[in-house]
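> Sharing a structure here in structure tokens format.
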Amino acid sequence: MIYYGKTGELASNRADEQELSVQCLRIVQASLGYVNTLMIQDLLGDPDTGDILVTPADKRGVTPLFWEHILPYGEVKLNMTSRLILSG
């Protein structure tokens with residue numbers, strides 16, 4: 001378990017544990033942004049779906065800061081024997 005918080009509060013009163021929790025959260029956030037960026041690049045590079053964004057306003061609206069595919073609570077099982085199929 002990387003982080004546990006309830007109502008936005010850290011689970012520990014120890015400064016070193018709080019600092020480690022916040023640093024872990026930053027690493028997770030950066031990793032998610034990177035993986036989301038790779039997924040968007042794959043989608044836009046695909047000839048079948050690459051022409052979805054036509055106008056410059058459409059392209060400005062693309063952001064890697066989405067999280068609908070993330071399960072924020074409960075146990076998350078990772079398959080470390082396979083990789084995401086990304087061309088980036």
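By order in the structure tokens, chains are A, B, ...; within a chain, residues start at 1; ligands start at 1, following the order shown.
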Can you check which parts of segment 8-38 of chain A lie within 9 Å of segment 50-64 of chain A? Per residue, the shortest pair of atoms and distance in Å to one decimal, counting only C-alpha atoms, sorted by chain and number, as a Markdown table.

```
| residue | atom | partner | partner_atom | distance |
| --- | --- | --- | --- | --- |
| A:Leu32 | CA | A:Pro64 | CA | 8.3 |
| A:Gly33 | CA | A:Pro64 | CA | 5.5 |
| A:Tyr34 | CA | A:Pro64 | CA | 7.6 |
| A:Val35 | CA | A:Pro64 | CA | 8.3 |
| A:Asn36 | CA | A:Pro64 | CA | 5.1 |
| A:Thr37 | CA | A:Pro64 | CA | 5.2 |
| A:Leu38 | CA | A:Pro64 | CA | 8.8 |
```
> When you draw a straight line from atom CA of Ile70 of chain A to atom CA of Gln18 of chain A, how long is it in Å?
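According to the coordinates, atom CA of Ile70 of chain A and atom CA of Gln18 of chain A are separated by 23.4 Å.
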> May I have all residues of segment 1-87 of chain A that DSSP, computed from the backbone, assigns to alpha helix (DSSP H), given as a PyMOL selection string?
chain A and resi 15-45+56-60
> DSSP on the backbone, strand (DSSP E or B) only: what residues of chain A does that give? Format it as a ChimeraX atom specification.
/A:5-6,9-10
> Any idea what the distance is between atom CA of Ala11 of chain A and atom CA of Met80 of chain A?
28.4 Å
